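A.B. asks: Structure: upload24.tsv, TSV, C-alpha atoms and all ligand atoms.
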```
chain	number	residue	atom	x	y	z
A	1	MET	CA	-5.30	-0.99	20.57
A	2	LEU	CA	-4.10	-0.72	17.01
A	3	THR	CA	-2.00	2.19	15.77
A	4	ILE	CA	-0.68	2.84	12.30
A	5	GLU	CA	2.18	5.26	11.94
A	6	MET	CA	3.12	6.50	8.49
A	7	ILE	CA	6.76	7.37	9.00
A	8	PRO	CA	7.94	10.16	6.67
A	9	ALA	CA	9.38	8.06	3.85
A	10	GLU	CA	9.76	10.71	1.15
A	11	TYR	CA	7.97	9.36	-1.94
A	12	GLY	CA	7.82	5.84	-0.47
A	13	ASP	CA	6.22	3.75	2.27
A	14	CYS	CA	7.32	2.97	5.81
A	15	LEU	CA	4.49	1.86	8.09
A	16	TRP	CA	5.00	1.08	11.76
A	17	ILE	CA	2.05	-0.80	13.22
A	18	GLU	CA	1.51	-1.61	16.88
A	19	TYR	CA	-1.29	-3.70	18.41
A	20	GLY	CA	-2.15	-5.45	21.62
A	21	GLU	CA	-2.78	-4.46	25.21
A	22	PRO	CA	-0.71	-2.28	27.54
A	23	GLY	CA	2.25	-4.39	28.64
A	24	ASP	CA	1.75	-6.76	25.71
A	25	VAL	CA	2.35	-4.66	22.62
A	26	HIS	CA	3.30	-6.32	19.33
A	27	ARG	CA	4.49	-4.63	16.18
A	28	LEU	CA	5.05	-5.07	12.51
A	29	LEU	CA	6.88	-3.02	9.93
A	30	ILE	CA	5.79	-2.64	6.32
A	31	ASP	CA	8.61	-1.39	4.09
A	32	GLY	CA	11.49	0.92	4.98
A	33	GLY	CA	10.98	3.81	2.58
A	34	THR	CA	13.85	5.43	0.74
A	35	TYR	CA	17.52	5.56	1.65
A	36	ARG	CA	16.98	8.52	3.97
A	37	THR	CA	13.94	7.05	5.69
A	38	TYR	CA	16.34	4.85	7.57
A	39	GLU	CA	17.33	7.85	9.74
A	40	ALA	CA	13.76	8.24	11.01
A	41	LEU	CA	13.42	4.52	11.50
A	42	ARG	CA	16.66	4.33	13.48
A	43	GLU	CA	15.54	7.17	15.77
A	44	ARG	CA	12.27	5.40	16.53
A	45	ILE	CA	14.07	2.20	17.33
A	46	LYS	CA	16.64	3.95	19.51
A	47	THR	CA	14.12	6.02	21.46
A	48	ARG	CA	11.80	3.09	22.09
A	49	GLN	CA	13.92	0.53	23.84
A	50	GLU	CA	11.22	-2.09	23.78
A	51	ALA	CA	10.60	-1.54	20.09
A	52	SER	CA	13.31	-3.79	18.75
A	53	ILE	CA	11.24	-6.94	18.24
A	54	PHE	CA	8.85	-7.18	15.32
A	55	GLU	CA	6.43	-10.03	14.73
A	56	LEU	CA	6.86	-9.42	11.03
A	57	LEU	CA	8.68	-7.31	8.48
A	58	VAL	CA	6.97	-7.07	5.09
A	59	VAL	CA	9.06	-5.79	2.20
A	60	THR	CA	6.26	-5.42	-0.31
A	61	HIS	CA	8.48	-5.26	-3.40
A	62	ILE	CA	11.90	-4.31	-4.70
A	63	ASP	CA	11.42	-0.65	-5.64
A	64	ASN	CA	13.82	1.65	-3.86
A	65	ASP	CA	11.14	3.72	-2.12
A	66	HIS	CA	10.17	0.58	-0.19
A	67	ILE	CA	13.36	-1.44	0.12
A	68	ASP	CA	16.27	1.00	0.55
A	69	GLY	CA	15.54	1.86	4.18
A	70	ILE	CA	15.39	-1.84	5.00
A	71	VAL	CA	18.72	-2.57	3.31
A	72	ARG	CA	20.26	0.12	5.50
A	73	LEU	CA	18.48	-1.14	8.60
A	74	LEU	CA	19.89	-4.61	8.06
A	75	GLN	CA	23.32	-3.13	7.43
A	76	ASN	CA	23.25	-1.98	11.05
A	77	PRO	CA	22.67	-5.11	13.12
A	78	GLN	CA	24.06	-3.28	16.17
A	79	LEU	CA	20.61	-1.69	16.53
A	80	GLY	CA	19.52	-5.09	17.79
A	81	VAL	CA	16.33	-5.29	15.75
A	82	ARG	CA	14.74	-8.73	15.58
A	83	PHE	CA	12.11	-9.97	13.16
A	84	ASN	CA	10.17	-13.15	13.85
A	85	ASP	CA	9.50	-13.41	10.12
A	86	ILE	CA	10.26	-11.44	6.97
A	87	TRP	CA	7.96	-11.50	3.96
A	88	PHE	CA	9.90	-10.63	0.85
A	89	ASN	CA	9.86	-12.18	-2.61
A	90	GLY	CA	13.45	-12.38	-3.83
A	91	TRP	CA	14.89	-14.00	-6.90
A	92	ARG	CA	14.64	-17.45	-5.39
A	93	HIS	CA	10.87	-17.07	-5.11
A	94	LEU	CA	10.31	-16.18	-8.73
A	95	GLY	CA	10.74	-19.73	-9.93
A	96	ALA	CA	13.56	-18.81	-12.29
A	97	PRO	CA	16.60	-20.92	-13.13
A	98	LYS	CA	19.45	-20.04	-10.81
A	99	ASP	CA	22.23	-19.72	-13.38
A	100	ASP	CA	23.10	-17.28	-16.15
A	101	ILE	CA	20.71	-14.65	-14.92
A	102	LEU	CA	21.36	-11.67	-12.68
A	103	GLY	CA	18.97	-10.24	-10.11
A	104	PRO	CA	17.98	-6.65	-9.43
A	105	VAL	CA	20.56	-5.07	-7.26
A	106	GLN	CA	18.47	-4.06	-4.28
A	107	GLY	CA	16.68	-7.38	-4.19
A	108	GLU	CA	20.04	-9.14	-4.13
A	109	TYR	CA	21.34	-6.78	-1.44
A	110	LEU	CA	18.40	-7.52	0.80
A	111	ALA	CA	18.64	-11.26	0.19
A	112	ALA	CA	22.36	-11.11	1.00
A	113	ARG	CA	21.70	-9.28	4.28
A	114	ILE	CA	18.93	-11.71	5.21
A	115	GLY	CA	21.27	-14.58	4.47
A	116	LYS	CA	24.22	-13.14	6.35
A	117	MET	CA	22.14	-12.39	9.42
A	118	ARG	CA	20.37	-15.76	9.15
A	119	LEU	CA	17.01	-14.05	9.44
A	120	PRO	CA	13.71	-15.87	9.00
A	121	TRP	CA	12.50	-15.48	5.41
A	122	ASN	CA	8.91	-16.11	4.30
A	123	LYS	CA	8.62	-18.47	7.24
A	124	GLY	CA	4.84	-18.04	7.17
A	125	PHE	CA	4.92	-19.54	3.66
A	126	GLY	CA	7.29	-22.39	4.48
A	127	GLY	CA	10.16	-20.45	2.90
A	128	ASN	CA	8.33	-20.28	-0.44
A	129	ALA	CA	7.04	-17.18	-2.17
A	130	ALA	CA	4.64	-14.92	-0.31
A	131	ALA	CA	1.91	-15.22	-2.94
A	132	THR	CA	-1.69	-16.24	-3.37
A	133	SER	CA	-2.59	-19.23	-5.48
A	134	GLU	CA	-5.39	-19.38	-7.98
A	135	ALA	CA	-6.87	-22.63	-6.77
A	136	ASP	CA	-6.65	-22.33	-3.01
A	137	ARG	CA	-8.22	-20.07	-0.47
A	138	LEU	CA	-6.46	-16.81	0.28
A	139	PRO	CA	-3.52	-17.47	2.64
A	140	ARG	CA	-4.44	-16.41	6.18
A	141	LEU	CA	-1.54	-16.06	8.60
A	142	PRO	CA	-1.87	-15.47	12.33
A	143	LEU	CA	0.67	-13.41	14.27
A	144	GLU	CA	1.34	-13.38	17.99
A	145	GLY	CA	-1.11	-11.18	19.89
A	146	GLY	CA	-4.31	-12.02	18.00
A	147	LEU	CA	-3.61	-10.43	14.62
A	148	LYS	CA	-4.39	-12.15	11.31
A	149	LEU	CA	-3.16	-11.22	7.85
A	150	VAL	CA	-4.96	-12.30	4.69
A	151	LEU	CA	-2.69	-12.18	1.65
A	152	LEU	CA	-4.24	-10.46	-1.38
A	153	SER	CA	-1.27	-9.92	-3.70
A	154	PRO	CA	0.79	-11.02	-5.59
A	155	THR	CA	-0.41	-14.03	-7.56
A	156	PRO	CA	2.14	-16.38	-9.15
A	157	ALA	CA	1.46	-14.64	-12.48
A	158	GLU	CA	2.71	-11.32	-11.09
A	159	LEU	CA	5.86	-13.00	-9.79
A	160	SER	CA	6.49	-14.53	-13.23
A	161	SER	CA	6.22	-11.11	-14.82
A	162	LEU	CA	8.66	-9.74	-12.26
A	163	ARG	CA	11.06	-12.52	-13.18
A	164	ALA	CA	11.12	-11.29	-16.78
A	165	GLU	CA	11.53	-7.68	-15.65
A	166	TRP	CA	14.22	-8.60	-13.14
A	167	GLU	CA	16.19	-10.39	-15.81
A	168	CYS	CA	15.73	-7.60	-18.33
A	169	ILE	CA	16.79	-4.78	-16.00
A	170	VAL	CA	19.92	-6.27	-14.57
A	171	THR	CA	21.40	-8.44	-17.27
A	172	ASP	CA	23.89	-5.78	-18.12
A	173	ALA	CA	27.22	-7.21	-19.23
A	174	GLU	CA	29.00	-3.91	-18.58
A	175	LYS	CA	28.08	-3.85	-14.89
A	176	HIS	CA	29.67	-7.18	-14.06
A	177	TYR	CA	27.20	-7.93	-11.30
A	178	PRO	CA	27.83	-11.02	-9.18
A	179	ALA	CA	25.80	-14.12	-9.95
A	180	PRO	CA	22.37	-14.22	-8.34
A	181	GLY	CA	22.27	-15.67	-4.90
A	182	SER	CA	26.04	-15.41	-4.35
A	183	MET	CA	25.54	-13.63	-1.07
A	184	ALA	CA	29.16	-12.98	-0.16
A	185	ASP	CA	29.80	-11.28	-3.50
A	186	TRP	CA	26.67	-9.21	-3.19
A	187	LEU	CA	27.69	-8.06	0.28
A	188	VAL	CA	30.96	-6.77	-1.15
A	189	TRP	CA	29.04	-5.05	-3.93
A	190	LEU	CA	26.69	-3.49	-1.41
A	191	SER	CA	29.56	-2.17	0.70
A	192	LYS	CA	30.88	-0.26	-2.34
A	193	ASP	CA	27.57	1.03	-3.63
A	194	ARG	CA	27.47	4.82	-3.84
A	195	LEU	CA	23.88	4.95	-5.02
A	196	TYR	CA	22.72	4.89	-1.43
A	197	ARG	CA	23.94	8.39	-0.79
A	198	PRO	CA	21.21	11.02	-0.45
A	199	ASP	CA	20.75	12.59	-3.84
A	200	GLU	CA	17.14	13.67	-4.04
A	201	LYS	CA	16.30	16.95	-5.68
A	202	ASP	CA	12.94	18.50	-5.04
A	203	ASP	CA	10.68	19.34	-7.92
A	204	THR	CA	8.74	22.55	-7.90
A	205	LEU	CA	5.12	21.66	-7.52
A	206	GLY	CA	2.38	23.30	-9.48
A	207	GLU	CA	-0.67	24.86	-7.83
A	208	GLU	CA	-3.98	24.09	-9.40
A	209	ALA	CA	-7.38	23.99	-7.79
A	210	PRO	CA	-8.71	20.44	-8.13
A	211	ASP	CA	-11.78	19.91	-10.30
A	212	VAL	CA	-13.11	16.77	-8.65
A	213	GLU	CA	-15.79	15.82	-11.19
A	214	LYS	CA	-13.43	16.24	-14.11
A	215	LEU	CA	-10.67	14.28	-12.38
A	216	ALA	CA	-13.08	11.52	-11.36
A	217	GLY	CA	-14.17	11.21	-14.97
A	218	VAL	CA	-10.69	10.55	-16.32
A	219	GLU	CA	-10.50	7.07	-17.77
A	220	PHE	CA	-8.54	4.56	-15.69
A	221	SER	CA	-5.26	3.49	-17.22
A	222	PRO	CA	-3.60	0.70	-15.21
A	223	ASP	CA	-0.06	0.85	-13.87
A	224	PRO	CA	2.10	-1.29	-16.18
A	225	SER	CA	5.01	-1.88	-13.75
A	226	PRO	CA	5.78	-5.57	-13.09
A	227	SER	CA	7.63	-4.74	-9.87
A	228	ASN	CA	4.64	-2.86	-8.48
A	229	ALA	CA	2.46	-5.78	-9.53
A	230	SER	CA	4.68	-8.09	-7.48
A	231	SER	CA	3.82	-6.15	-4.30
A	232	ILE	CA	2.82	-8.07	-1.22
A	233	ALA	CA	-0.56	-6.70	-0.17
A	234	PHE	CA	-2.71	-7.94	2.66
A	235	LEU	CA	-5.74	-7.41	4.79
A	236	LEU	CA	-5.03	-7.08	8.49
A	237	GLU	CA	-7.67	-8.48	10.82
A	238	TYR	CA	-7.57	-7.56	14.49
A	239	GLY	CA	-10.74	-8.12	16.45
A	240	GLU	CA	-13.37	-6.25	14.47
A	241	THR	CA	-10.79	-3.98	12.89
A	242	ARG	CA	-9.91	-4.39	9.20
A	243	CYS	CA	-7.08	-2.58	7.44
A	244	LEU	CA	-5.86	-2.99	3.90
A	245	PHE	CA	-2.15	-2.50	3.21
A	246	ALA	CA	-1.69	-2.42	-0.51
A	247	GLY	CA	2.02	-1.80	-1.16
A	248	ASP	CA	2.21	-0.61	-4.76
A	249	ALA	CA	-0.03	-3.47	-5.91
A	250	HIS	CA	-2.18	-3.46	-9.01
A	251	SER	CA	-5.84	-2.63	-8.77
A	252	ASN	CA	-7.05	-5.65	-10.74
A	253	VAL	CA	-5.12	-8.07	-8.49
A	254	LEU	CA	-6.55	-6.47	-5.35
A	255	GLU	CA	-10.00	-6.42	-6.87
A	256	ALA	CA	-9.90	-10.15	-7.71
A	257	SER	CA	-8.59	-11.13	-4.27
A	258	ILE	CA	-11.09	-8.94	-2.46
A	259	GLN	CA	-13.92	-10.46	-4.47
A	260	LYS	CA	-12.61	-13.87	-3.43
A	261	TYR	CA	-12.44	-12.71	0.19
A	262	LEU	CA	-16.01	-11.39	0.12
A	263	LYS	CA	-17.19	-14.68	-1.29
A	264	GLU	CA	-15.28	-16.65	1.35
A	265	GLN	CA	-16.70	-14.47	4.12
A	266	HIS	CA	-20.20	-14.18	2.61
A	267	LEU	CA	-19.97	-10.41	2.69
A	268	PRO	CA	-21.44	-7.93	0.18
A	269	VAL	CA	-18.75	-5.33	0.72
A	270	LEU	CA	-15.43	-5.02	2.55
A	271	ARG	CA	-15.67	-2.63	5.48
A	272	LEU	CA	-12.32	-1.09	6.28
A	273	ASP	CA	-11.11	1.04	9.14
A	274	ALA	CA	-8.06	2.05	7.12
A	275	PHE	CA	-6.77	1.57	3.58
A	276	LYS	CA	-3.15	2.41	2.77
A	277	LEU	CA	-3.57	3.37	-0.87
A	278	PRO	CA	-1.56	1.40	-3.40
A	279	HIS	CA	1.37	3.18	-5.03
A	280	HIS	CA	1.11	6.40	-3.01
A	281	GLY	CA	-2.26	7.27	-4.55
A	282	SER	CA	-1.17	6.89	-8.15
A	283	ARG	CA	-4.03	7.15	-10.65
A	284	GLY	CA	-2.99	3.84	-12.22
A	285	ASN	CA	-3.51	1.80	-9.04
A	286	LEU	CA	-6.90	2.87	-7.72
A	287	SER	CA	-9.74	1.91	-10.02
A	288	SER	CA	-13.40	2.62	-9.51
A	289	GLY	CA	-13.98	-1.14	-9.59
A	290	LEU	CA	-11.74	-1.56	-6.56
A	291	LEU	CA	-13.40	1.29	-4.65
A	292	GLU	CA	-16.83	-0.19	-5.32
A	293	LEU	CA	-15.89	-3.24	-3.25
A	294	LEU	CA	-15.00	-1.12	-0.21
A	295	ARG	CA	-16.59	0.98	2.49
A	296	CYS	CA	-13.64	2.68	4.08
A	297	LYS	CA	-13.33	5.23	6.87
A	298	ARG	CA	-9.72	6.28	6.42
A	299	PHE	CA	-7.60	6.47	3.31
A	300	LEU	CA	-3.88	6.60	4.13
A	301	ILE	CA	-1.55	8.26	1.66
A	302	SER	CA	2.20	7.93	2.14
A	303	THR	CA	4.22	10.32	0.00
A	304	ASN	CA	5.91	13.71	0.03
A	305	SER	CA	4.68	14.21	-3.56
A	306	ARG	CA	8.14	14.75	-4.88
A	307	ARG	CA	9.65	12.87	-7.77
A	308	TYR	CA	6.42	11.18	-8.93
A	309	LYS	CA	3.99	13.89	-7.77
A	310	HIS	CA	1.72	11.49	-5.95
A	311	PRO	CA	-1.07	11.36	-4.99
A	312	ASP	CA	-2.74	11.91	-8.34
A	313	GLY	CA	-5.83	14.07	-8.31
A	314	GLU	CA	-7.71	11.37	-10.20
A	315	SER	CA	-7.28	8.92	-7.30
A	316	ILE	CA	-8.43	11.40	-4.67
A	317	ALA	CA	-11.35	12.43	-6.86
A	318	ARG	CA	-12.40	8.77	-7.23
A	319	ILE	CA	-12.35	8.45	-3.45
A	320	LEU	CA	-14.32	11.65	-2.93
A	321	THR	CA	-17.01	10.73	-5.44
A	322	GLN	CA	-17.20	6.99	-4.68
A	323	GLY	CA	-15.85	6.53	-1.18
A	324	GLY	CA	-19.11	7.00	0.73
A	325	THR	CA	-19.75	9.65	3.36
A	326	ASP	CA	-17.83	10.34	6.55
A	327	LYS	CA	-14.33	9.53	5.34
A	328	GLU	CA	-10.88	10.79	6.15
A	329	LEU	CA	-7.86	11.39	3.96
A	330	VAL	CA	-4.74	10.91	6.09
A	331	PHE	CA	-1.47	12.28	4.72
A	332	ASN	CA	2.00	11.86	6.21
A	333	TYR	CA	3.28	15.03	4.53
A	334	ARG	CA	1.98	18.52	3.99
A	335	GLY	CA	2.62	19.93	0.55
A	336	THR	CA	0.89	21.58	-2.35
A	337	LEU	CA	-0.48	18.33	-3.71
A	338	THR	CA	-1.84	17.14	-0.38
A	339	GLU	CA	-2.97	20.49	1.12
A	340	GLN	CA	-5.13	21.27	-1.90
A	341	TRP	CA	-7.61	18.75	-0.48
A	342	GLU	CA	-7.97	20.76	2.73
A	343	ASP	CA	-10.37	23.07	0.86
A	344	VAL	CA	-13.41	23.61	3.10
A	345	GLU	CA	-15.89	23.75	0.22
A	346	LEU	CA	-14.67	20.47	-1.17
A	347	GLN	CA	-14.80	18.86	2.26
A	348	ARG	CA	-18.40	19.94	2.73
A	349	LYS	CA	-19.50	18.91	-0.73
A	350	TYR	CA	-17.87	15.48	-0.69
A	351	ARG	CA	-18.26	14.80	3.05
A	352	TYR	CA	-14.69	14.14	4.08
A	353	ARG	CA	-11.99	15.41	6.41
A	354	THR	CA	-8.27	15.78	5.87
A	355	ILE	CA	-5.62	14.93	8.44
A	356	TYR	CA	-2.03	16.13	8.21
A	357	PRO	CA	1.05	16.21	10.40
A	358	PRO	CA	1.46	19.45	12.38
A	359	LYS	CA	2.88	22.31	10.30
A	360	GLY	CA	6.60	21.96	9.77
A	361	GLN	CA	6.56	18.25	10.62
A	362	ALA	CA	6.20	15.02	8.68
A	363	GLY	CA	4.87	11.59	9.61
A	364	ILE	CA	1.57	10.76	11.23
A	365	SER	CA	0.18	8.19	13.61
A	366	ILE	CA	-3.47	7.20	13.85
A	367	GLU	CA	-5.11	5.10	16.51
A	368	LEU	CA	-7.98	2.85	15.51
B	401	ZN	ZN	6.31	2.95	-4.07
```
As structure tokens, what does this structure read like?
Ligand SMILES: [Zn+2]

C.D. replies:
Amino acid sequence: MLTIEMIPAEYGDCLWIEYGEPGDVHRLLIDGGTYRTYEALRERIKTRQEASIFELLVVTHIDNDHIDGIVRLLQNPQLGVRFNDIWFNGWRHLGAPKDDILGPVQGEYLAARIGKMRLPWNKGFGGNAAATSEADRLPRLPLEGGLKLVLLSPTPAELSSLRAEWECIVTDAEKHYPAPGSMADWLVWLSKDRLYRPDEKDDTLGEEAPDVEKLAGVEFSPDPSPSNASSIAFLLEYGETRCLFAGDAHSNVLEASIQKYLKEQHLPVLRLDAFKLPHHGSRGNLSSGLLELLRCKRFLISTNSRRYKHPDGESIARILTQGGTDKELVFNYRGTLTEQWEDVELQRKYRYRTIYPPKGQAGISIEL
């Protein structure tokens, strides 16, 4: 049994994965979504008594739509959640000098909580960065219960770029941030932070019938964000099942690692049971070159389409025109930008099905 639940995480990611046999169920959590996603996460933990132990927590990168829910989760240790390992690349993993430079606030918050709670941190990597290395084979890490994860992103180069970005964003003399790594100071800072209050405003979404061929023909322009590029992305192997969890990773990084994987495994193409699209289906993170390496049954899209208006039509159009036949688009929210793909004509022409939460609800769970 392997289930993937896309918890409603607003414009972010929060994936709850369970695997194993009845009576011996294991779980992992990938990201915690936005500030408000924590509420949904807390309810799941409270209503499932046995669900407080995770083999692994992966915080793919420091953007708030992935990390905020986790910062809140770790602010509430009374929930009794336990993680056997946490994959997260904080300041200490970026290879930067420790003095004179400040770290991004949320990254420091999370590091401070991990430190205070004495949680395992990148244990699978000996405490070092969760990253691939150019020379070696792709890191392959087993978890309890027969699951294996093959790390695809980031490379050390992406972490170096994040280091520059991290420094640039937060070296703000007027803010008087604590020094990086000074956990006690960061905990005080966190306790006073008002940014974590709900403040989202919904955008009004446009309604436009998608022109698949035109969208698919739009030239690919890669996502420039260093923090997205620093995303931890991996292939999950469980029996014959293969799932790709891409965080907000960059297409070229995934492409290179997947090519390496195919070579290692002597495979012509990567067959996937599920692919959580990078960066909520943003057009800058799903290239045709990446799709060419895959034969995938289910494309998972985690977003409520607000704020950044993901998924982009270009990404869905690339999937429809390149993604082979008999494929599913699985959305964890209904909305104008996701429901437009429910069109029966489009589904017949491009041989796909759409799956949504029931009307009026958000979040979706699929069993593989
Ligand atoms: Zn994101």

A.B. asks: Using only C-alpha atoms and all ligand atoms, which protein or nucleic acid residues are at most 8 Å from ligand ZN 401 (chain B), as a list of chain:residue names?

C.D. replies: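 With only C-alpha atoms and all ligand atoms and a cut-off of 8 Å, ligand ZN 401 (chain B) is contacted by A:Tyr11, A:Gly12, A:Asp13, A:Asp63, A:Asn64, A:Asp65, A:His66, A:Asn228, A:Gly247, A:Asp248, A:His279, A:His280.
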
A.B. asks: Take the point (-7.9, -5.3, -0.1) in the file's coordinates, draw a sphere of radius 6 Å around it, and report as a ChimeraX atom specification every protein, DNA or RNA residue with an atom inside or on it, counting all atoms listed in the file.

C.D. replies: /A:235,244,254,258

A.B. asks: With only C-alpha atoms as the basis for distance, which of A:Pro357, A:Pro268, A:Gly20, A:Pro154 is at the shortest distance from Ser302 (chain A)?

C.D. replies: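 Closest residue, counting only C-alpha atoms: A:Pro357.
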
A.B. asks: Which residues come within 9 Å of region 336-350 of chain A, counting all atoms listed in the file, excluding same-chain residues fewer than 2 positions away, as a list of chain:residue names?

C.D. replies: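 Selected residues are A:Leu205, A:Gly206, A:Glu207, A:Glu208, A:Ala209, A:Pro210, A:Val212, A:Asn304, A:Ser305, A:Lys309, A:His310, A:Pro311, A:Asp312, A:Gly313, A:Ile316, A:Leu320, A:Thr321, A:Gly324, A:Thr325, A:Asp326, A:Leu329, A:Phe331, A:Tyr333, A:Arg334, A:Tyr352, A:Arg353, A:Thr354, A:Ile355, A:Tyr356.
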
A.B. asks: What is the distance, in Å and to one decimal place, between CA of Ala111 (chain A) and CA of Gly90 (chain A)?

C.D. replies: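 Taking CA of Ala111 (chain A) and CA of Gly90 (chain A), their separation equals 6.7 Å.
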
A.B. asks: Name the residues in contact with Asp31 (chain A) at a cut-off of 8 Å, using all atoms listed in the file, excluding same-chain residues fewer than 5 positions from it; report them as a PyMOL selection string.

C.D. replies: chain A and resi 13-15+57-60+66-67+69-70

A.B. asks: Using only C-alpha atoms, determine which residues lie at most 9 Å from Arg82 (chain A), disregarding the query and same-chain residues fewer than 3 positions distant; provide the list as a PyMOL selection string.

C.D. replies: chain A and resi 52-55+85+119

A.B. asks: Any chance you could export the current selection's C-alpha atoms as an mmCIF file, in the frame of the given file?

C.D. replies:
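Full text of result.cif as output:
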```cif
data_model
loop_
_atom_site.group_PDB
_atom_site.id
_atom_site.type_symbol
_atom_site.label_atom_id
_atom_site.label_comp_id
_atom_site.auth_asym_id
_atom_site.auth_seq_id
_atom_site.Cartn_x
_atom_site.Cartn_y
_atom_site.Cartn_z
ATOM 1 C CA SER A 52 13.310 -3.790 18.750
ATOM 2 C CA ILE A 53 11.240 -6.940 18.240
ATOM 3 C CA PHE A 54 8.850 -7.180 15.320
ATOM 4 C CA GLU A 55 6.430 -10.030 14.730
ATOM 5 C CA ASP A 85 9.500 -13.410 10.120
ATOM 6 C CA LEU A 119 17.010 -14.050 9.440
#
```

A.B. asks: Work out how far CA of His93 (chain A) is from CA of Pro156 (chain A), in Å to one decimal.

C.D. replies: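 The value is 9.6 Å.
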
A.B. asks: As an exercise, work out the distance from CA of Glu165 (chain A) to CA of Lys192 (chain A) in Å and give it to one decimal place.

C.D. replies: 24.6 Å

A.B. asks: Which residues come within 7 Å of Leu2 (chain A), counting only C-alpha atoms, excluding same-chain residues fewer than 2 positions away, as a ChimeraX atom specification?

C.D. replies: /A:4,18-20,367-368

A.B. asks: Is there a way to get, as number ranges by chain, all residues within 9 Å of the point (-0.9, -7.5, 13.8) in file coordinates, counting all atoms listed in the file?

C.D. replies: A: 2, 17-20, 26-28, 55-56, 142-149, 236-238

A.B. asks: Write to file, as an mmCIF file, in the frame of the given file, the residues of the selection just made, with C-alpha atoms.

C.D. replies:
```cif
data_model
loop_
_atom_site.group_PDB
_atom_site.id
_atom_site.type_symbol
_atom_site.label_atom_id
_atom_site.label_comp_id
_atom_site.auth_asym_id
_atom_site.auth_seq_id
_atom_site.Cartn_x
_atom_site.Cartn_y
_atom_site.Cartn_z
ATOM 1 C CA LEU A 2 -4.100 -0.720 17.010
ATOM 2 C CA ILE A 17 2.050 -0.800 13.220
ATOM 3 C CA GLU A 18 1.510 -1.610 16.880
ATOM 4 C CA TYR A 19 -1.290 -3.700 18.410
ATOM 5 C CA GLY A 20 -2.150 -5.450 21.620
ATOM 6 C CA HIS A 26 3.300 -6.320 19.330
ATOM 7 C CA ARG A 27 4.490 -4.630 16.180
ATOM 8 C CA LEU A 28 5.050 -5.070 12.510
ATOM 9 C CA GLU A 55 6.430 -10.030 14.730
ATOM 10 C CA LEU A 56 6.860 -9.420 11.030
ATOM 11 C CA PRO A 142 -1.870 -15.470 12.330
ATOM 12 C CA LEU A 143 0.670 -13.410 14.270
ATOM 13 C CA GLU A 144 1.340 -13.380 17.990
ATOM 14 C CA GLY A 145 -1.110 -11.180 19.890
ATOM 15 C CA GLY A 146 -4.310 -12.020 18.000
ATOM 16 C CA LEU A 147 -3.610 -10.430 14.620
ATOM 17 C CA LYS A 148 -4.390 -12.150 11.310
ATOM 18 C CA LEU A 149 -3.160 -11.220 7.850
ATOM 19 C CA LEU A 236 -5.030 -7.080 8.490
ATOM 20 C CA GLU A 237 -7.670 -8.480 10.820
ATOM 21 C CA TYR A 238 -7.570 -7.560 14.490
#
```

A.B. asks: Do you know which residues are at most 9 Å from Ala131 (chain A) counting all atoms listed in the file, after dropping those on the same chain fewer than 6 positions away, and could you put them as a ChimeraX atom specification?

C.D. replies: /A:89,125,139,151-156,159,230,232
